[in-house]
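S.K.: Got a structure here, written out as structure tokens. Questions coming.
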Amino acid sequence: MNAAIDNHWYPVAMISGIDAPRETLLLGKKISLGREDGTCWVLDASGAELPTVERFGHLWTSPGQPNRDLFTIPEADSPGRRLVDVGSVKVKCSPLRAVENFLDIAHFPFVHTDILGAEPHTEVDRYDVKIREEVDEVWATKVKFYQPQAAKSAAGGITTEYMYRVPAPTCSVLYKTCPPRPGEWDVITLFVQPLTEEWCEVWPWMALYDDDSTMSEMVSFQQLIFMQDRSILENQLPRKLPLDPGMEVPTQADMTSVAYRRWLKKIGYTYGAQLVAA
């Protein structure tokens, strides 16, 4: 057992999708899960019951003994928000690569062309990044970027403000400008289940103010964005995320990625990471 890896909460299913017991992988090991009389359960390969949390429409578990509760997203409890279960996508990449890609702003004009970015608006202005020691999370703030269609609810191009939060090694929370309600934040998350070190299941989830789009339209929009990312993720080399800063040369736009990698090293989280040059 590696406490630095095992003692975290991991997403393993969308609660609304649990219609029968099934098996899956977590950190390379088989687990089984199901729901009975409205209560979800998870067992390890030996049949021992694992701890569970039901939050954000998903079932979470841990193979270890987490020393704190699963993180919260207070904004998701605001009246009028629509909570969107996007579904899941399996991706042949390190779970850490999936999180890092979610934190990357510079790829928007080239991967999500005419949606989240467009040429010639390719420059990423300086923003603030820090590891907040009091909560042991990575935060990036004052991130601004021009987007032709920032959300399904957006009527045209706007300069979008972002905040990124990494509350757990395989999870990230994005707060971004809400087009229908200036002054409020849309919340888009990426919950990643590490199946193995080079294979993961990604569960996007959203808490949005959008009274006009249908649920299927919001789901389809977010699925389109992630499917554009998937081909990039599956072709990145090395497949694992390098933690040595000398293995990949960062730019100013990569400040959040640099802080994320530094934080992973600080807490000793190495599952899906490459520690030395190949």
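Letters A, B, ... mark the chains of the structure tokens in the order given; residue numbers begin at 1 per chain; ligand numbers begin at 1, in order shown.
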Using DSSP on the backbone, list every residue of stretch 191-258 of chain A that comes out as alpha helix (DSSP H), and give them as a VMD selection string.
M.R.: chain A and resid 215 to 233 255 to 258
S.K.: Using the selection just defined, write its residues with N, CA and C atoms as a PDB file, in the first residue's frame.
M.R.:
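The new file result39.pdb reads:
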ATOM      1  N   MET A 215     -30.946  19.887 -21.626  1.00  0.00           N
ATOM      2  CA  MET A 215     -29.907  19.089 -20.982  1.00  0.00           C
ATOM      3  C   MET A 215     -29.048  18.381 -22.032  1.00  0.00           C
ATOM      4  N   SER A 216     -29.672  17.844 -23.063  1.00  0.00           N
ATOM      5  CA  SER A 216     -28.910  17.130 -24.101  1.00  0.00           C
ATOM      6  C   SER A 216     -27.996  18.081 -24.863  1.00  0.00           C
ATOM      7  N   GLU A 217     -28.410  19.337 -25.047  1.00  0.00           N
ATOM      8  CA  GLU A 217     -27.548  20.307 -25.730  1.00  0.00           C
ATOM      9  C   GLU A 217     -26.320  20.633 -24.896  1.00  0.00           C
ATOM     10  N   MET A 218     -26.499  20.791 -23.593  1.00  0.00           N
ATOM     11  CA  MET A 218     -25.358  21.083 -22.721  1.00  0.00           C
ATOM     12  C   MET A 218     -24.400  19.895 -22.659  1.00  0.00           C
ATOM     13  N   VAL A 219     -24.949  18.690 -22.591  1.00  0.00           N
ATOM     14  CA  VAL A 219     -24.117  17.487 -22.571  1.00  0.00           C
ATOM     15  C   VAL A 219     -23.354  17.356 -23.884  1.00  0.00           C
ATOM     16  N   SER A 220     -24.033  17.550 -25.001  1.00  0.00           N
ATOM     17  CA  SER A 220     -23.401  17.403 -26.317  1.00  0.00           C
ATOM     18  C   SER A 220     -22.283  18.415 -26.510  1.00  0.00           C
ATOM     19  N   PHE A 221     -22.489  19.644 -26.038  1.00  0.00           N
ATOM     20  CA  PHE A 221     -21.470  20.684 -26.174  1.00  0.00           C
ATOM     21  C   PHE A 221     -20.205  20.281 -25.431  1.00  0.00           C
ATOM     22  N   GLN A 222     -20.361  19.816 -24.192  1.00  0.00           N
ATOM     23  CA  GLN A 222     -19.185  19.445 -23.405  1.00  0.00           C
ATOM     24  C   GLN A 222     -18.525  18.179 -23.939  1.00  0.00           C
ATOM     25  N   GLN A 223     -19.313  17.243 -24.437  1.00  0.00           N
ATOM     26  CA  GLN A 223     -18.741  16.032 -25.025  1.00  0.00           C
ATOM     27  C   GLN A 223     -17.935  16.360 -26.276  1.00  0.00           C
ATOM     28  N   LEU A 224     -18.422  17.315 -27.068  1.00  0.00           N
ATOM     29  CA  LEU A 224     -17.677  17.746 -28.253  1.00  0.00           C
ATOM     30  C   LEU A 224     -16.306  18.279 -27.860  1.00  0.00           C
ATOM     31  N   ILE A 225     -16.279  19.127 -26.820  1.00  0.00           N
ATOM     32  CA  ILE A 225     -15.014  19.699 -26.364  1.00  0.00           C
ATOM     33  C   ILE A 225     -14.049  18.600 -25.942  1.00  0.00           C
ATOM     34  N   PHE A 226     -14.543  17.646 -25.148  1.00  0.00           N
ATOM     35  CA  PHE A 226     -13.614  16.634 -24.649  1.00  0.00           C
ATOM     36  C   PHE A 226     -13.174  15.665 -25.738  1.00  0.00           C
ATOM     37  N   MET A 227     -14.026  15.357 -26.692  1.00  0.00           N
ATOM     38  CA  MET A 227     -13.615  14.457 -27.762  1.00  0.00           C
ATOM     39  C   MET A 227     -12.529  15.103 -28.618  1.00  0.00           C
ATOM     40  N   GLN A 228     -12.541  16.427 -28.725  1.00  0.00           N
ATOM     41  CA  GLN A 228     -11.445  17.114 -29.418  1.00  0.00           C
ATOM     42  C   GLN A 228     -10.143  16.954 -28.647  1.00  0.00           C
ATOM     43  N   ASP A 229     -10.233  16.943 -27.323  1.00  0.00           N
ATOM     44  CA  ASP A 229      -9.044  16.758 -26.481  1.00  0.00           C
ATOM     45  C   ASP A 229      -8.526  15.324 -26.540  1.00  0.00           C
ATOM     46  N   ARG A 230      -9.422  14.377 -26.705  1.00  0.00           N
ATOM     47  CA  ARG A 230      -9.050  12.970 -26.575  1.00  0.00           C
ATOM     48  C   ARG A 230      -7.939  12.571 -27.555  1.00  0.00           C
ATOM     49  N   SER A 231      -8.063  12.994 -28.811  1.00  0.00           N
ATOM     50  CA  SER A 231      -7.050  12.597 -29.797  1.00  0.00           C
ATOM     51  C   SER A 231      -5.685  13.176 -29.445  1.00  0.00           C
ATOM     52  N   ILE A 232      -5.667  14.380 -28.876  1.00  0.00           N
ATOM     53  CA  ILE A 232      -4.405  14.984 -28.457  1.00  0.00           C
ATOM     54  C   ILE A 232      -3.806  14.189 -27.302  1.00  0.00           C
ATOM     55  N   LEU A 233      -4.637  13.871 -26.317  1.00  0.00           N
ATOM     56  CA  LEU A 233      -4.164  13.139 -25.143  1.00  0.00           C
ATOM     57  C   LEU A 233      -3.588  11.776 -25.512  1.00  0.00           C
ATOM     58  N   MET A 255       2.133  27.924 -16.526  1.00  0.00           N
ATOM     59  CA  MET A 255       2.388  28.137 -15.100  1.00  0.00           C
ATOM     60  C   MET A 255       1.549  27.217 -14.210  1.00  0.00           C
ATOM     61  N   THR A 256       0.301  26.973 -14.623  1.00  0.00           N
ATOM     62  CA  THR A 256      -0.554  26.098 -13.812  1.00  0.00           C
ATOM     63  C   THR A 256      -0.048  24.667 -13.846  1.00  0.00           C
ATOM     64  N   SER A 257       0.381  24.219 -15.033  1.00  0.00           N
ATOM     65  CA  SER A 257       0.933  22.877 -15.162  1.00  0.00           C
ATOM     66  C   SER A 257       2.181  22.714 -14.312  1.00  0.00           C
ATOM     67  N   VAL A 258       3.032  23.724 -14.304  1.00  0.00           N
ATOM     68  CA  VAL A 258       4.258  23.666 -13.506  1.00  0.00           C
ATOM     69  C   VAL A 258       3.914  23.544 -12.016  1.00  0.00           C
TER      70      VAL A 258
END
S.K.: Residues within 10 Å of A:Lys29, please, as a list in words. Count only C-alpha atoms; anything in the same chain fewer than 3 positions from it doesn't count.
M.R.: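 Here the qualifying residues turn out to be Thr24, Leu25, Leu26, Asp44, Ala45, Pro63, Leu195 and Thr196 of chain A.
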S.K.: Using only C-alpha atoms, determine which residues lie at most 8 Å from stretch 133-137 of chain A, disregarding the query and same-chain residues fewer than 4 positions distant; provide the list as a tab-separated table (two decimals) with N, CA and C atoms, in the first residue's frame.
M.R.:
chain	number	residue	atom	x	y	z
A	165	ARG	N	-8.86	25.23	-10.19
A	165	ARG	CA	-8.61	24.69	-8.85
A	165	ARG	C	-8.32	23.20	-8.97
A	166	VAL	N	-7.24	22.74	-8.36
A	166	VAL	CA	-6.93	21.31	-8.32
A	166	VAL	C	-7.04	20.88	-6.86
A	167	PRO	N	-8.18	20.30	-6.45
A	167	PRO	CA	-8.38	19.92	-5.06
A	167	PRO	C	-7.92	18.50	-4.73
A	168	ALA	N	-7.60	17.72	-5.77
A	168	ALA	CA	-7.14	16.33	-5.60
A	168	ALA	C	-6.30	15.97	-6.81
S.K.: Can you tell me which residues surround stretch 266-273 of chain A at a distance of at most 6 Å, considering only C-alpha atoms, apart from same-chain residues fewer than 3 positions away, and format the answer as an MDAnalysis selection string?
M.R.: chainID A and resid 4:5 94 197 240:242 263
S.K.: Could the residues in this selection be written to a file with N, CA and C atoms, as a compact mmCIF listing (two decimals), in the first residue's frame?
M.R.:
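In the end it all went to out-v6.txt:
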# COMPACT_ATOMS: atom_id res chain seq x y z
N ALA A 4 0.34 7.70 -0.04
CA ALA A 4 0.29 8.94 -0.82
C ALA A 4 -0.60 8.81 -2.05
N ILE A 5 -0.82 7.59 -2.48
CA ILE A 5 -1.67 7.34 -3.65
C ILE A 5 -3.02 6.77 -3.24
N SER A 94 -2.21 8.80 -19.28
CA SER A 94 -2.07 8.90 -17.84
C SER A 94 -3.20 9.74 -17.27
N GLU A 197 -1.93 3.21 -14.94
CA GLU A 197 -1.08 4.40 -15.05
C GLU A 197 -1.15 5.04 -16.43
N LYS A 240 3.10 8.91 -19.67
CA LYS A 240 3.03 9.36 -18.29
C LYS A 240 3.43 10.83 -18.20
N LEU A 241 2.99 11.48 -17.13
CA LEU A 241 3.29 12.90 -16.95
C LEU A 241 4.66 13.09 -16.32
N PRO A 242 5.61 13.73 -17.02
CA PRO A 242 6.94 13.95 -16.44
C PRO A 242 6.87 14.93 -15.28
N TRP A 263 3.30 20.35 -7.11
CA TRP A 263 2.43 19.90 -6.02
C TRP A 263 2.38 18.38 -5.95
